[in-house]
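Enquirer: Structure below; questions to follow.
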Amino acid sequence: MTHPYIPNAEPGVRAEMLAAIGAASVEDFYADIPPELRLDRPLDLPEPFVAEHDLVRHMRSLLGRDTGTDEALSFLGHGCYPHHVPAVCDEVNSRGEFLTAYAGEPYEDHGRFQALFEYVSMMAELLEMDVVNVPTYDGFQAAGTALRMACRHTGRAKVLVSGAVAADKLSKLRDFLSPDIEIVQAPVDSGGEMGEVVLDDTFAAIYLETPNVYGVVETRGRELAELAHAHGALLVVSADPISLGVLAPPAAYGADIACGDIQSLGVHQNHGGGQAGYIATHDDELVAQFPSRLFGIAPTTVPGEYGFGDVFYERTSFALREEGKEWVGTAAALWGITAGVYLALMGPQGMREVGETILARTRYAMDALAGAGLRVLHDGAVHFREFAVELNDAADAAALLDRLRAQGIYGGVPLDDRTILVCVTERHSIADIDRLAAAVASARRADDEGGRR
Amino acid sequence: MTHPYIPNAEPGVRAEMLAAIGAASVEDFYADIPPELRLDRPLDLPEPFVAEHDLVRHMRSLLGRDTGTDEALSFLGHGCYPHHVPAVCDEVNSRGEFLTAYAGEPYEDHGRFQALFEYVSMMAELLEMDVVNVPTYDGFQAAGTALRMACRHTGRAKVLVSGAVAADKLSKLRDFLSPDIEIVQAPVDSGGEMGEVVLDDTFAAIYLETPNVYGVVETRGRELAELAHAHGALLVVSADPISLGVLAPPAAYGADIACGDIQSLGVHQNHGGGQAGYIATHDDELVAQFPSRLFGIAPTTVPGEYGFGDVFYERTSFALREEGKEWVGTAAALWGITAGVYLALMGPQGMREVGETILARTRYAMDALAGAGLRVLHDGAVHFREFAVELNDAADAAALLDRLRAQGIYGGVPLDDRTILVCVTERHSIADIDRLAAAVASARRADDEGGRR
Amino acid sequence: WDEPIIFEQSRPGQRGIAVPGPGAPAVELPDSVRRAAPPALPEMSQLHVLRHYVRLSQESLGVDLNVDVGQGTCTMKYSPKVNDSFARAVAELHPLQHPDTLQGVLEIYWRLERMLAEVSGMARVSLQPGSGSAAIYANIAMIRAYHAARGDERRDQVITTMFSHPSNAACAKTAGYEVITLMPDADGYPDIEALRAAVGPRTAALLITNPEDTGIFNPRIAEFVELVHQAGGLACYDQANANGILGITRARDAGFDLCHFNLHKTFSTPHACGGPAAGACGVSEALAEFLPGPVVAEEDGRFSLVTPPHSIGKIRPFLGVTPNVVRAYAWIMTLGAEGLRQVAETAALNNNYLMHKVLRIPGASAPWDRRRIEQVRYSWQELSEETGVHSEEIGVRASDFGVHYWTSHHPYLVPEPFTLEPTESYSKEDLDEYAAILAHVASEARTDPELVKGAPYNSPIHKIDPTPLDDPRQWAPTWRAYVRKHLA
Amino acid sequence: WDEPIIFEQSRPGQRGIAVPGPGAPAVELPDSVRRAAPPALPEMSQLHVLRHYVRLSQESLGVDLNVDVGQGTCTMKYSPKVNDSFARAVAELHPLQHPDTLQGVLEIYWRLERMLAEVSGMARVSLQPGSGSAAIYANIAMIRAYHAARGDERRDQVITTMFSHPSNAACAKTAGYEVITLMPDADGYPDIEALRAAVGPRTAALLITNPEDTGIFNPRIAEFVELVHQAGGLACYDQANANGILGITRARDAGFDLCHFNLHKTFSTPHACGGPAAGACGVSEALAEFLPGPVVAEEDGRFSLVTPPHSIGKIRPFLGVTPNVVRAYAWIMTLGAEGLRQVAETAALNNNYLMHKVLRIPGASAPWDRRRIEQVRYSWQELSEETGVHSEEIGVRASDFGVHYWTSHHPYLVPEPFTLEPTESYSKEDLDEYAAILAHVASEARTDPELVKGAPYNSPIHKIDPTPLDDPRQWAPTWRAYVRKHLA
């Protein structure tokens, strides 16, 4: 049987084509592969499910072993967030034209160029910066590249990184800034913000996150910008764009580079496969430091018509190989288009409202869990979407989360044996939060009783 | 807040438009509605969920109370069948262009016309008939219209209808053929086929189904065709198109009109919302009797180019109001396009194979349930996809089905207190059938023990 | 795309999908039932099938793509994408599952029935019909059953109006009634004197749309109903044009005994190239016992199916077109009472704004100087007399600009008609754009009528020669017929 | 469609979606963090946003629509729709759920890792990288870690070839290595003498694609690996071009220590306008301890996450691009060993058939008279010298016929290049059609070169003036910048 995905495996057409070419068999095409490199047996792979229905059964059976956040009440965040995904976002990014397009030219792929240009343009409005890249892989990569951009720009090889950064992200930064760039970590102050730092003229950048890994909104951005600038360094700020309807964009307090992840803008959690990174700068010399593609608007031979194309392509490894800036590959463009759809749906009002709702519900959840007897870290700070709670004894975190999971609640991400990071978005109703608090309170009572016994 | 679905409810633009029109308020437009007919209060409707996320929560909560056939092992059929739906069918019929198109002209909707023309053309190949309608609502309507077509054609007002027809379908036929057409029901013979019938020259048609309501494949089609024709009547046969890769099409044994439902061709069960009816004839005088639209191919001003349009539009109520044939409305075109995609994917080979698989598995299931101690009705006949089993005592059927349902098995459709119709398709693996048989056997043992106690 | 007919793309041995093998002994078929030769279906790989249909889809113009105000009476409004996701959630439900496993969907039916009862003022609603026309037919069947139950067998006439949807006349005829059609009076309203002349002991019912397909609301509608009631007939309201009057006026309040809605018009379910659609019948208490069965009943929060005592029986299989029932329910639930009223008011606003623009185009008119609710049947009579260009030709030319354009149902009582219904979904700029297209084409008709008559120029195909479509020797309703008649 | 920029469609007060209200007391923000002015995002109703993007989608050319053989090296193959349905099934999984709630997806990772290990011959595989280039980078990071772990700090050079993907050079440079690029020899093979000259104690690794982007398989590949091994370096195989050799020859069997695959090329996950993609790193036993973490471990049928002891750490957040991992797994599971081999053989067949057709077009050539596996880098040098028409211009003209056309990466070592890779997805008729388009454009170049140079004629836009894109005073990478520079 000819496989539905391989039309020319059909023996008749195969023979016809071989005859046209004048080849005896497909072996002719492989004559350059030495016999000793030829695999002399079939690959050892499972028996295939050729019938689509059999494949569907197999996949459903496997995937049915997962229990997703749609079947539980989830407070998991820590870099992957359960925001509402508008149906129109799914509709657009599942359009076959976008899903299966790739790297065409600005003529036959005009729509792809325009959609990505519009995405970067909407991000630019949100960020108040004039230059935004076509998405890189994720917020980790965006931070790494932003710091390398700062180093290239300043000619320096040391960066001061906030201590309130996720451990995995720091791991990525360490790997990606190796071997030439030194990372100095700043302390976290008692309020959960970046603590006092000492800078000198060997630093290329200060790297700040807001909201940071604890969900704390950093308040001293301007001060840090001034400090950095006084030493000829840059301020690099990682900010989640979904917060920027209510929070000041990094540029507003002097950041030179903004970066972060756009998964919060209309992309499902996708088991972590929905990440995409943005990097933004002013329209200044930093533009030369971007490795990513930048799509710009350009005139055509017809006045008033807009075409699109690559801005300053000669920065890239596509143009210059190792002489380009880092590298550019296939990153996460479709999530950029999706985030554009999200921003267009939300508009200024929607972005403000979602920010206000998240701020209010986060505070409500902090108070509710404090009421349930947990210690809320950095309670005095403004939190956006996340906050950490601390338990009394080591290993309590896992036990509490196990108890909650038994009730269908994914209570949060354990940061360590006694600290849990709780995430609250506009998808969590007040009743959801109350349910979590009640379950926590009851679990703790059970623990206490267990302890007494 | 301006609702996202009603742009011009925005007060600014509303005022602007009213001013342009010269109207004081929208009340001006309603001046023809007398005050006593004006509703003087808001409609009494539930508070809306304006935020999309809130609506999603509400709907998921409601829909979560259903347990679908994807969460159970279902042997339910009886007019709505669980065949495999190829992913490409879903992809095509969820394309916004098709989903939201309607009644455009052959120029801007060329693709819609072509897709429907191709659907009827592929059905024509399957049926070996030259004329097939753009889908009517469902197989019930198709049968009713086919019989009315036969009556109009012959000028007679009596039809002989097989006794092996679903009760609901007979209800529809009774209603739809009222008040002018008399229905005479034929007996069912011991083999499950249409029994001996007496015809005279007052009958317009014999109506036969194959496979019939018991899943029995009727074998005397040619004989009935000859009988009908001998009396100047027509043979109308309802046949499920998914069987026609292996079973002879009605035209092959002399049927004048074929009809049926195409839900089996790539359409999900949709809680009964996936039905669509086909009616087919030869290219003869019966064409004049179709109420549905017929799309034909037509030349354009450019040689070799194909356009499309309505064949013999002057038959329809759109053209002639009550002087047209019955009526034509918005029926089920998208399922026609979908069925076309299905037939194109399957091709002649796929249609043969799916038929063979269903035949073999149906027989396997009959043997398995007989082995589990049930009496299989019409065991000697060839069955396609369905068969009936009979239990010893009245009300046993419901009890058995309840027991099976408790194990996650939807065991079949009860035809009456002691008869269950079991449906087996290519989606049911041998293991699924064995599981049903084992569950039946165990339920019956439990019953027996219960009986002994 | 210049996409060939699918049969032209067939290549022997190809296939688009594989099927599970039997896994059990094959069944031998007797010759009498075995298919002799395989059907000549196309043989194509999966990508090729997909590509073909994706290309065809791009050659179709849905609401998602165009300023869809040109298919008047069809109420082409935005069908929210989120509601499609709910419709997909019922894909794997079987209609004959035990009700215990269907409580969610049954509750949605029950709630939507009640909401539509409130919108119409009726006592009970059935969601079984597959479309508006099927709902009209169901209403007629109930009318027939009602009179029959009273032993009132004389009533063999149904009265409708010329600007009511043709299905009112056609369904009544199918159900065995003689149809009397009232023509509009000089004011454009249905002629009440003609009604007086028509009603009598043979009157089974009045079937009437209001506002009619002209967009004109009949202010004497209650009087019409009353006249029919006095004669012993029933009054049945075709609410296909309800989009402009939601929350403004209700069928029952004008005395109607029955009504119907098109869920795919007023309540936003997608038109799907012509279905699946969905209809709703609403009836007064007196007619509730005749509703098609089953309907959903509720007791202590549990939902079950019951068949009304004198049910007319089945109109279609199973309970209804559930995916569309779910969509319509969700649509109302995101709008509420205030939202529905905003829908109506904005539909009326948009229509009157567009009328204001269209009537400024020289050569366009809207016969009868009456107010309009949600649509208008316009006329190019003046332009046509001046230029010789017909409304159909203007429509074909309009398609070159990426929009639909519909003339009207036959007969063309309004000469050189075109019918626009902008609904609440479109912006002022959309309406300006549509009016500008019409103005542009009208001006082309004056300056270069052959340009308009030669259209289309921007379609996958050129002007169609329709003559073979009405000639039995030439027509080809399938490829099979085409090959036989034209290629053999 | 003549679709305006989205900002031009904004209308104050409109919105595309409503957001849940707080339901809890508002939080007052200090001035230092409060946004001062709302962002100037577009304000549009939901239908208008949808319509805009649906129109833009129609102005993009995906695999679903065209004979996508013109984006050579990109392996544009059919991405099965059924696999998208599996990808959607992981949409609501959070990556940090407890592994007990993720057994299905973890098993899929585990199984796919093992299947790719079998396909490559490698011991272990990581599916964490977000793309092929990211996998190349991960491989380089592992190479760096390997040498560092051995205290071998002298190795600061990486060797690659000119016809290997530029990311090999660029990633190596980013990771701190000096890059040595081998040029092809007179036969079109990587120059083994140049390699001999380049290897030495400073050699950290060889990064090489095979077949290269020319489609030529280097028959001395094992010798290349051996030379590098003798010098103490590692050999890393860029398997972006694996589509023609699946089941034919394996990376480890030629001695490689590391390799990578692009799941969006060889294993059919969709290209998504340029990602999300997915990459896989395969390594020998010796390098397994350096793999990015975590990876999936299995014990008694239970799956858990473990981080290799000397892991290089994170390449990206979480476990990998799961939707694509799921798709790639399903793709292999519907093909099996025999199917993968048919993929390879048919990709080679299609490529050689297309080459046979293209080389019959006067003016087209394929430099070096070598066999090709799955793609060919062709040249229009002869045509260009004759007509003055350049390869880029031919590409723009080809787009008028609804297909893509790619020249090659820079620099244009092959003059006037174009690169075609037909994969296994296309039919003979598709290849004939593509070749016919090229032949037609080539003949236009001879008869009417200005016609070709003036293209496009069938695009939403006309020929672009690219000069502002490279001029800092004029470039406008966002609408905001455009307004400031050109509209203010």
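Labels for the structure tokens follow display order: chains A, B, ..., residues from 1 in each chain, ligands from 1.
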Name the residues in contact with Gly402 (chain D) at a cut-off of 8 Å, using only C-alpha atoms, excluding same-chain residues fewer than 4 positions from it; report them as JSON, numbers by chain.
Expert: {"A": [108], "D": [61, 66, 398]}
Enquirer: Dump N, CA, C and O atoms for the selected residues as an mmCIF file, in the first residue's frame?
Expert:
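again-v1.cif, freshly written:
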data_model
loop_
_atom_site.group_PDB
_atom_site.id
_atom_site.type_symbol
_atom_site.label_atom_id
_atom_site.label_comp_id
_atom_site.auth_asym_id
_atom_site.auth_seq_id
_atom_site.Cartn_x
_atom_site.Cartn_y
_atom_site.Cartn_z
ATOM 1 N N GLU A 108 5.216 36.659 -2.012
ATOM 2 C CA GLU A 108 4.235 35.591 -1.823
ATOM 3 C C GLU A 108 3.893 35.404 -0.355
ATOM 4 O O GLU A 108 2.891 34.762 -0.039
ATOM 5 N N LEU D 61 1.976 31.853 2.009
ATOM 6 C CA LEU D 61 1.989 30.649 1.187
ATOM 7 C C LEU D 61 2.614 29.501 1.975
ATOM 8 O O LEU D 61 3.826 29.380 2.056
ATOM 9 N N ASN D 66 0.888 25.285 -1.582
ATOM 10 C CA ASN D 66 1.695 25.355 -2.800
ATOM 11 C C ASN D 66 2.588 24.134 -2.968
ATOM 12 O O ASN D 66 2.744 23.317 -2.073
ATOM 13 N N ALA D 398 8.786 33.979 -10.174
ATOM 14 C CA ALA D 398 8.207 32.665 -9.879
ATOM 15 C C ALA D 398 7.070 32.807 -8.870
ATOM 16 O O ALA D 398 6.080 32.078 -8.929
#
Enquirer: Mind listing as a list of chain:residue names which residues of chain D are within 8 Å of chain C, counting only C-alpha atoms?
Expert: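 That gives D:Leu47, D:Leu50, D:Arg51, D:His52, D:Val54, D:Arg55, D:Gln58, D:Asp64, D:Leu65, D:Asn66, D:Tyr78, D:Pro80, D:Ser425 for chain D.
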Enquirer: Could those selected residues go to a file with C-alpha atoms, as an mmCIF file, in the first residue's frame?
Expert:
data_model
loop_
_atom_site.group_PDB
_atom_site.id
_atom_site.type_symbol
_atom_site.label_atom_id
_atom_site.label_comp_id
_atom_site.auth_asym_id
_atom_site.auth_seq_id
_atom_site.Cartn_x
_atom_site.Cartn_y
_atom_site.Cartn_z
ATOM 1 C CA LEU D 47 -14.637 40.466 13.869
ATOM 2 C CA LEU D 50 -10.199 38.260 12.955
ATOM 3 C CA ARG D 51 -10.878 39.486 9.448
ATOM 4 C CA HIS D 52 -7.589 41.332 9.322
ATOM 5 C CA VAL D 54 -7.565 35.868 8.087
ATOM 6 C CA ARG D 55 -6.869 38.113 5.137
ATOM 7 C CA GLN D 58 -4.449 34.242 2.775
ATOM 8 C CA ASP D 64 -0.865 23.403 2.634
ATOM 9 C CA LEU D 65 -1.226 25.570 -0.445
ATOM 10 C CA ASN D 66 1.695 25.355 -2.800
ATOM 11 C CA TYR D 78 3.535 17.666 4.531
ATOM 12 C CA PRO D 80 -0.085 15.854 8.847
ATOM 13 C CA SER D 425 5.503 14.860 -0.199
#
Enquirer: Enumerate the residues of region 155-297 of chain C with a DSSP assignment of helix (DSSP H, G or I), computed from the backbone, and present them as JSON, numbers by chain.
Expert: {"C": [166, 167, 168, 169, 170, 171, 172, 173, 174, 192, 193, 194, 195, 196, 197, 198, 221, 222, 223, 224, 225, 226, 227, 228, 229, 230, 242, 243, 244, 252, 253, 254, 285, 286, 287, 288, 289, 290]}
Enquirer: If you run DSSP over the backbone, which residues in region 287-394 of chain B end up strand (DSSP E or B)? Put them as JSON, numbers by chain.
Expert: {"B": [295, 296, 297, 298, 299, 300, 306, 307, 308, 309, 310, 375, 376, 383, 386, 387, 388, 389, 390]}
Enquirer: Keeping only N, CA and C atoms, write the selected residues as a tab-separated table (two decimals), in the first residue's frame.
Expert:
chain	number	residue	atom	x	y	z
B	295	PHE	N	-26.10	21.52	-8.40
B	295	PHE	CA	-25.05	22.37	-8.96
B	295	PHE	C	-24.48	21.68	-10.19
B	296	GLY	N	-24.41	22.41	-11.28
B	296	GLY	CA	-23.86	21.83	-12.50
B	296	GLY	C	-22.65	22.61	-12.97
B	297	ILE	N	-21.94	21.98	-13.87
B	297	ILE	CA	-20.74	22.59	-14.44
B	297	ILE	C	-21.17	23.33	-15.70
B	298	ALA	N	-20.52	24.45	-15.96
B	298	ALA	CA	-20.93	25.27	-17.10
B	298	ALA	C	-19.70	25.94	-17.69
B	299	PRO	N	-19.71	26.18	-18.99
B	299	PRO	CA	-18.56	26.84	-19.61
B	299	PRO	C	-18.54	28.34	-19.27
B	300	THR	N	-17.38	28.94	-19.42
B	300	THR	CA	-17.28	30.38	-19.28
B	300	THR	C	-16.82	30.94	-20.62
B	306	TYR	N	-13.92	26.03	-16.13
B	306	TYR	CA	-15.18	25.50	-15.61
B	306	TYR	C	-15.83	26.50	-14.67
B	307	GLY	N	-17.06	26.83	-14.95
B	307	GLY	CA	-17.86	27.57	-13.99
B	307	GLY	C	-18.93	26.64	-13.44
B	308	PHE	N	-19.68	27.15	-12.50
B	308	PHE	CA	-20.73	26.34	-11.89
B	308	PHE	C	-22.00	27.16	-11.76
B	309	GLY	N	-23.10	26.47	-11.63
B	309	GLY	CA	-24.36	27.17	-11.44
B	309	GLY	C	-25.46	26.18	-11.10
B	310	ASP	N	-26.64	26.71	-10.90
B	310	ASP	CA	-27.80	25.88	-10.55
B	310	ASP	C	-28.36	25.20	-11.80
B	375	ARG	N	-29.16	-13.83	22.29
B	375	ARG	CA	-29.72	-14.31	21.04
B	375	ARG	C	-29.55	-13.21	19.98
B	376	VAL	N	-28.84	-13.52	18.94
B	376	VAL	CA	-28.61	-12.55	17.87
B	376	VAL	C	-29.72	-12.72	16.84
B	383	HIS	N	-24.86	-8.92	7.79
B	383	HIS	CA	-25.07	-7.67	8.52
B	383	HIS	C	-23.95	-6.71	8.21
B	386	GLU	N	-24.51	-3.14	12.02
B	386	GLU	CA	-25.44	-3.25	13.13
B	386	GLU	C	-26.10	-4.62	13.14
B	387	PHE	N	-26.50	-5.00	14.33
B	387	PHE	CA	-27.32	-6.20	14.49
B	387	PHE	C	-28.08	-6.06	15.81
B	388	ALA	N	-29.17	-6.81	15.91
B	388	ALA	CA	-29.98	-6.73	17.12
B	388	ALA	C	-29.80	-7.99	17.93
B	389	VAL	N	-29.80	-7.81	19.24
B	389	VAL	CA	-29.79	-8.96	20.13
B	389	VAL	C	-31.05	-8.90	20.98
B	390	GLU	N	-31.55	-10.08	21.33
B	390	GLU	CA	-32.79	-10.12	22.07
B	390	GLU	C	-32.54	-10.76	23.42
Enquirer: Pull the closest atom pair for each residue of chain B that gets at most 7 Å from chain A, along with the distance in Å to one decimal, counting only C-alpha atoms, ordering rows by chain and then ascending residue number, as CSV.
Expert:
residue,atom,partner,partner_atom,distance
B:His53,CA,A:His84,CA,6.2
B:His84,CA,A:His53,CA,6.2
B:Arg427,CA,A:His53,CA,6.9
Enquirer: Counting only C-alpha atoms, a student should be able to say which residues of chain D come within 6 Å of chain B; what is the right answer, written as a list in words?
Expert: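 Result: Arg15, Gly16, Ile17, Ala18, Val19, Pro20, Ser45, Gln46, Lys81 and Val82 of chain D.
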Enquirer: Residues within 12 Å of Pro34 (chain B), please, as a list in words. Count only C-alpha atoms; anything in the same chain fewer than 2 positions from it doesn't count.
Expert: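 These residues fall inside the cut-off: Glu27, Tyr30, Ala31, Asp32, Glu36, Leu37, Arg38, Leu39 and Asp40 of chain B; Phe217, Asn218, Pro219, Arg220, Ile221, Ala222, Glu223, Ile248, Thr249, Arg250, Asp253 and Ala254 of chain C.
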Enquirer: For region 284-292 of chain B, please output as a PyMOL selection string all residues within 9 Å (counting only C-alpha atoms; exclusion window: fewer than 4 positions along the same chain).
Expert: (chain B and resi 131+133-136+145-146+148-150+152-153+256-257+279+312+314-317+324-329) or (chain C and resi 472)
Enquirer: Rounded to one decimal, what separation in Å do you get between CA of His264 (chain C) and CA of Val225 (chain C)?
Expert: 26.7 Å
Enquirer: As an exercise, work out the distance from CA of Ile136 (chain C) to CA of Ile216 (chain C) in Å and give it to one decimal place.
Expert: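 Between CA of Ile136 (chain C) and CA of Ile216 (chain C) the gap works out to 20.9 Å.
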Enquirer: Using only C-alpha atoms, which of C:Leu96, C:Val119, C:Leu359, C:Leu29 sits nearest Glu218 (chain B)?
Expert: C:Leu29
Enquirer: Would you mind listing what lies within 12 Å of Ala91 (chain C) as a PyMOL selection string, with only C-alpha atoms counted and same-chain residues fewer than 6 positions away left out?
Expert: (chain B and resi 63+66-70+80-82+85+90+266-274) or (chain C and resi 84-85+105+321-324+326)
Enquirer: Please produce an output containing C-alpha atoms for each residue in the selection, written as an mmCIF file, in the first residue's frame.
Expert:
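Final file, selection_26.cif:
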data_model
loop_
_atom_site.group_PDB
_atom_site.id
_atom_site.type_symbol
_atom_site.label_atom_id
_atom_site.label_comp_id
_atom_site.auth_asym_id
_atom_site.auth_seq_id
_atom_site.Cartn_x
_atom_site.Cartn_y
_atom_site.Cartn_z
ATOM 1 C CA LEU B 63 -20.490 20.621 28.894
ATOM 2 C CA ASP B 66 -21.679 15.111 29.511
ATOM 3 C CA THR B 67 -19.768 11.877 29.133
ATOM 4 C CA GLY B 68 -19.149 11.421 25.448
ATOM 5 C CA THR B 69 -18.333 8.377 23.403
ATOM 6 C CA ASP B 70 -14.697 9.408 23.558
ATOM 7 C CA CYS B 80 -25.776 8.220 14.010
ATOM 8 C CA TYR B 81 -22.509 6.379 13.586
ATOM 9 C CA PRO B 82 -19.079 6.449 15.173
ATOM 10 C CA VAL B 85 -13.280 11.139 11.071
ATOM 11 C CA ASP B 90 -12.104 18.591 10.333
ATOM 12 C CA GLY B 266 -16.293 12.005 7.794
ATOM 13 C CA VAL B 267 -18.732 13.775 10.091
ATOM 14 C CA HIS B 268 -18.597 13.460 13.856
ATOM 15 C CA GLN B 269 -21.619 12.190 15.743
ATOM 16 C CA ASN B 270 -22.252 15.720 17.013
ATOM 17 C CA HIS B 271 -25.070 14.548 19.243
ATOM 18 C CA GLY B 272 -27.131 14.018 16.119
ATOM 19 C CA GLY B 273 -26.205 17.351 14.588
ATOM 20 C CA GLY B 274 -24.038 15.795 11.898
ATOM 21 C CA ASP C 84 -17.074 27.096 17.670
ATOM 22 C CA SER C 85 -14.928 25.674 20.438
ATOM 23 C CA VAL C 105 -26.251 19.303 26.646
ATOM 24 C CA VAL C 321 -28.588 20.435 15.495
ATOM 25 C CA THR C 322 -26.778 20.452 18.781
ATOM 26 C CA PRO C 323 -23.546 22.197 17.753
ATOM 27 C CA ASN C 324 -25.617 25.175 16.666
ATOM 28 C CA VAL C 326 -24.731 25.244 21.835
#
Enquirer: Contacts of region 292-297 of chain C at 6 Å or less, counting only C-alpha atoms, minus same-chain residues fewer than 4 places along, as a PyMOL selection string?
Expert: chain C and resi 110+303-307+311-314
Enquirer: Quick one: everything within 8 Å of region 198-211 of chain C, counting only C-alpha atoms, minus sequence neighbours fewer than 3 positions away in the same chain. Send it as a PyMOL selection string.
Expert: chain C and resi 143-144+147+154-161+163-165+168+180+194-195+214-218+225+227-228+231-242+373
